[in-house]
Amino acid sequence: MIELSGVSFSYPDGTKALSEINLVIDEGEFVVVCGPTGCGKSTLLMTVNGLIPHTVSGEYQGEARVAGRVVRDVSVAGLAAHVGTVFQNPEAQIFSLTCEDEIAFGLENLSLSPREIDKRINHVLHLLSLDSLRRRRTAELSGGEKQKLVIAATLAMGPRVLVLDEPLSDLDPEGKITVLNTIARLNREGMTIVMAEHNLDLVLQDATRMLVMEKGRVVFDGDPCSILARGQDQGPLLCCYYFHPGLSLYSSDPAKPISTDGCTKAEGYRTLQPKRGCRLIECPAGHYPSHC
Ligand SMILES: Nc1ncnc2c1ncn2[C@@H]1O[C@H](COP(=O)(O)OP(=O)(O)OP(=O)(O)O)[C@@H](O)[C@H]1O
Ligand SMILES: [Mg+2]
């Protein structure tokens, strides 16, 4: 579904944001992209949705393919039918007065018949359980509802890949869960998801694959449980270095404490819900073990 071959990108000021990325993402995967601020997550996503090289200038090398098309050869508008993009702040992505107008907005640019537009609006409202909000003013929605509306409007274009850049960051705890459950359900129904996110304690429970980036490179790539279990062997590298404060670690072996290096011994660590055969440990802010 997505293939990046030797993709490198530098911004005009010379900042090298991506170095030689080689990556294949199959249809139906739920990939979470994480890593410290500035490691290149957003830049990577932009090579998938075509903002790079079409809108964002810089030096681009290599080739990105999405749904069989070479991204460089298709316009961003042309790619929108294959790749939908959702950003952090739903406010900044909503332009219309009512929910149905917001979904119709993108569709009207596709020269579809009014009947087809209506059909698609009904379909995505239903898909995201937003039917009751159809005629509601967008300004009256909660943060979570707004982000769901953005996702609905994106899906109405018919993409098979959804790229999301920290879509939970600006939401309250309830909004985060609502939006995440929606994304996870879309994935279970076959949508390919590529999502940059810092809220790993939430996201990793549904993600099927995790990419950890550092300085423009992918340094870990695989099943979230095995990567985080590997982090355990390497010291508390993943909880302390790659993740933001308050983020989490898994152990692939629920019986084995993650604390061989002192991680869980630190005061304030708590075990969260086990899921997908992993045990999730929350590393609270400011409680890093001394060797981190
Ligand atoms: N428009 C730009 N011009 C110059 N440098 C940029 C630009 N946008 C990003 N960068 C730099 O490129 C690198 C990668 O940035 P990117 O935004 O992809 O990181 P990120 O992992 O998404 O970070 P964050 O977690 O803060 O969202 C960083 O060094 C950043 O400072
Ligand atoms: Mg970013």
# chains A, B, ... in the order shown; residues from 1 in each chain; ligands from 1

call {"tool": "select_by_dssp", "arguments": {"residues": "range 7-227 of chain A", "states": "strand (DSSP E)", "output": "ChimeraX atom specification"}}
result
/A:7-10,16-25,30-34,59-66,69-70,83-86,161-165,192-196,209-214,217-222

call {"tool": "write_last_selection", "arguments": {"atoms": "C-alpha atoms", "output": "short mmCIF file (atom, residue, chain, number, x, y, z; two decimals), in the first residue's frame"}}
result
data_model
loop_
_atom_site.label_atom_id
_atom_site.label_comp_id
_atom_site.auth_asym_id
_atom_site.auth_seq_id
_atom_site.Cartn_x
_atom_site.Cartn_y
_atom_site.Cartn_z
CA VAL A 7 13.58 8.65 0.79
CA SER A 8 15.63 11.57 2.12
CA PHE A 9 14.46 15.13 2.69
CA SER A 10 16.18 18.36 3.72
CA LYS A 16 18.16 17.09 7.13
CA ALA A 17 14.80 15.75 8.35
CA LEU A 18 14.78 12.30 6.70
CA SER A 19 17.74 10.09 5.81
CA GLU A 20 17.41 7.13 3.46
CA ILE A 21 14.06 5.81 4.66
CA ASN A 22 13.11 2.39 3.28
CA LEU A 23 9.71 1.21 4.38
CA VAL A 24 6.87 -0.99 3.20
CA ILE A 25 3.45 -0.70 4.84
CA PHE A 30 -2.04 0.31 11.93
CA VAL A 31 1.37 1.92 12.18
CA VAL A 32 2.22 4.31 14.97
CA VAL A 33 5.23 6.55 14.35
CA CYS A 34 6.94 7.82 17.48
CA GLU A 59 15.59 18.72 -1.30
CA TYR A 60 13.82 15.43 -1.90
CA GLN A 61 15.43 12.17 -2.93
CA GLY A 62 14.15 8.65 -3.41
CA GLU A 63 10.67 7.51 -4.27
CA ALA A 64 7.39 7.18 -2.36
CA ARG A 65 4.53 5.07 -3.73
CA VAL A 66 1.03 4.99 -2.33
CA ARG A 69 1.06 5.58 -7.57
CA VAL A 70 4.35 7.42 -7.43
CA VAL A 83 -4.65 9.18 1.23
CA GLY A 84 -6.62 11.18 3.78
CA THR A 85 -4.78 13.44 6.20
CA VAL A 86 -5.82 14.52 9.68
CA VAL A 161 -4.95 5.16 3.76
CA LEU A 162 -5.43 7.53 6.66
CA VAL A 163 -2.40 9.57 7.74
CA LEU A 164 -2.82 11.26 11.13
CA ASP A 165 -0.33 13.65 12.68
CA THR A 192 -4.51 1.41 6.56
CA ILE A 193 -3.51 3.80 9.34
CA VAL A 194 -0.23 5.70 9.70
CA MET A 195 -0.26 7.86 12.78
CA ALA A 196 2.35 9.99 14.52
CA ARG A 209 3.24 -1.92 14.22
CA MET A 210 5.46 0.71 15.70
CA LEU A 211 8.16 2.78 14.05
CA VAL A 212 10.55 4.56 16.38
CA MET A 213 12.42 7.38 14.68
CA GLU A 214 15.53 9.23 15.71
CA ARG A 217 15.94 7.53 10.60
CA VAL A 218 13.75 4.62 11.62
CA VAL A 219 15.64 2.98 14.48
CA PHE A 220 13.04 0.39 15.53
CA ASP A 221 10.33 -1.13 13.39
CA GLY A 222 8.04 -3.96 14.37
#

call {"tool": "residues_near_ligand", "arguments": {"ligand": "ligand 2", "cutoff": "10 Å", "atoms": "only C-alpha atoms and all ligand atoms", "output": "list in words"}}
result
Cys34, Gly35, Pro36, Thr37, Gly38, Cys39, Gly40, Lys41, Ser42, Thr43, Leu44, Leu45, Phe87, Gln88, Asp165, Glu166, Ala196, Glu197 and His198 of chain A

call {"tool": "closest_residue", "arguments": {"among": "A:Ala92, A:Ile183, A:Ile2, A:Leu200", "to": "Thr47 in chain A", "atoms": "only C-alpha atoms"}}
result
A:Ile2

call {"tool": "residues_around", "arguments": {"residues": "range 101-108 of chain A", "least_positions_apart": "6", "cutoff": "10 Å", "atoms": "only C-alpha atoms", "output": "ChimeraX atom specification"}}
result
/A:80,93-95,114,116-118,120-122,124-125,134-135,137-138,149-158

call {"tool": "write_last_selection", "arguments": {"atoms": "N, CA and C atoms", "output": "short mmCIF file (atom, residue, chain, number, x, y, z; two decimals), in the first residue's frame"}}
result
data_model
loop_
_atom_site.label_atom_id
_atom_site.label_comp_id
_atom_site.auth_asym_id
_atom_site.auth_seq_id
_atom_site.Cartn_x
_atom_site.Cartn_y
_atom_site.Cartn_z
N ALA A 80 -5.52 12.87 -2.65
CA ALA A 80 -6.51 12.92 -1.56
C ALA A 80 -7.56 11.83 -1.69
N GLN A 93 -8.96 22.77 10.90
CA GLN A 93 -9.29 22.00 9.69
C GLN A 93 -10.76 22.09 9.33
N ILE A 94 -11.54 22.80 10.15
CA ILE A 94 -12.98 22.90 9.90
C ILE A 94 -13.29 24.30 9.34
N PHE A 95 -13.98 24.32 8.20
CA PHE A 95 -14.25 25.60 7.53
C PHE A 95 -15.73 25.94 7.47
N PRO A 114 -25.06 15.82 -6.83
CA PRO A 114 -25.64 16.07 -5.50
C PRO A 114 -26.08 14.77 -4.84
N GLU A 116 -24.76 11.73 -5.20
CA GLU A 116 -23.58 11.00 -4.72
C GLU A 116 -23.01 11.67 -3.46
N ILE A 117 -23.03 13.01 -3.47
CA ILE A 117 -22.54 13.75 -2.30
C ILE A 117 -23.38 13.40 -1.08
N ASP A 118 -24.70 13.40 -1.26
CA ASP A 118 -25.60 13.09 -0.15
C ASP A 118 -25.37 11.66 0.36
N ARG A 120 -22.63 9.93 0.17
CA ARG A 120 -21.35 9.84 0.91
C ARG A 120 -21.45 10.49 2.29
N ILE A 121 -22.19 11.60 2.36
CA ILE A 121 -22.36 12.26 3.67
C ILE A 121 -23.05 11.29 4.63
N ASN A 122 -24.13 10.69 4.17
CA ASN A 122 -24.85 9.73 5.01
C ASN A 122 -23.94 8.60 5.45
N VAL A 124 -20.57 8.39 5.73
CA VAL A 124 -19.51 8.67 6.72
C VAL A 124 -20.07 9.11 8.07
N LEU A 125 -21.22 9.82 8.04
CA LEU A 125 -21.83 10.19 9.32
C LEU A 125 -22.20 8.93 10.09
N ARG A 134 -25.66 15.76 12.20
CA ARG A 134 -25.66 16.18 10.80
C ARG A 134 -25.89 17.69 10.61
N ARG A 135 -26.90 18.22 11.27
CA ARG A 135 -27.24 19.64 11.05
C ARG A 135 -26.72 20.55 12.16
N ARG A 137 -24.28 22.88 14.35
CA ARG A 137 -23.25 23.87 14.00
C ARG A 137 -21.89 23.34 14.47
N THR A 138 -20.91 23.46 13.63
CA THR A 138 -19.59 22.89 13.97
C THR A 138 -19.00 23.55 15.22
N LEU A 149 -15.39 14.68 13.10
CA LEU A 149 -15.94 15.30 11.89
C LEU A 149 -14.84 15.47 10.83
N VAL A 150 -13.67 15.89 11.27
CA VAL A 150 -12.55 16.03 10.32
C VAL A 150 -12.25 14.67 9.67
N ILE A 151 -12.25 13.63 10.50
CA ILE A 151 -11.99 12.29 9.97
C ILE A 151 -13.12 11.90 8.99
N ALA A 152 -14.36 12.22 9.35
CA ALA A 152 -15.50 11.88 8.47
C ALA A 152 -15.35 12.59 7.12
N ALA A 153 -15.02 13.88 7.16
CA ALA A 153 -14.88 14.64 5.91
C ALA A 153 -13.74 14.08 5.06
N THR A 154 -12.69 13.62 5.74
CA THR A 154 -11.55 13.04 5.04
C THR A 154 -11.96 11.71 4.40
N LEU A 155 -12.68 10.90 5.16
CA LEU A 155 -13.08 9.57 4.65
C LEU A 155 -14.07 9.67 3.50
N ALA A 156 -14.84 10.76 3.48
CA ALA A 156 -15.84 10.92 2.41
C ALA A 156 -15.18 10.95 1.03
N MET A 157 -13.91 11.32 1.01
CA MET A 157 -13.18 11.37 -0.27
C MET A 157 -12.83 9.97 -0.76
N GLY A 158 -12.98 8.97 0.12
CA GLY A 158 -12.77 7.58 -0.29
C GLY A 158 -11.36 7.04 -0.19
#

call {"tool": "select_by_dssp", "arguments": {"residues": "range 133-169 of chain A", "states": "helix (DSSP H, G or I)", "output": "number ranges by chain"}}
result
A: 133, 138-140, 143-155

call {"tool": "atom_distance", "arguments": {"atom1": "CA of Val179 in chain A", "atom2": "CA of Pro159 in chain A"}}
result
17.9 Å

call {"tool": "closest_residue", "arguments": {"among": "A:Gly144, A:Gly78, A:Gly28, A:Pro90", "to": "Arg160 in chain A", "atoms": "only C-alpha atoms"}}
result
A:Gly28

call {"tool": "closest_residue", "arguments": {"among": "A:Asp223, A:Glu3, A:Glu140, A:Asp73", "to": "Asp26 in chain A", "atoms": "only C-alpha atoms"}}
result
A:Glu3

call {"tool": "closest_residue", "arguments": {"among": "A:Asp13, A:Glu100, A:Glu174, A:Asp206", "to": "ligand 1", "atoms": "only C-alpha atoms and all ligand atoms"}}
result
A:Asp13
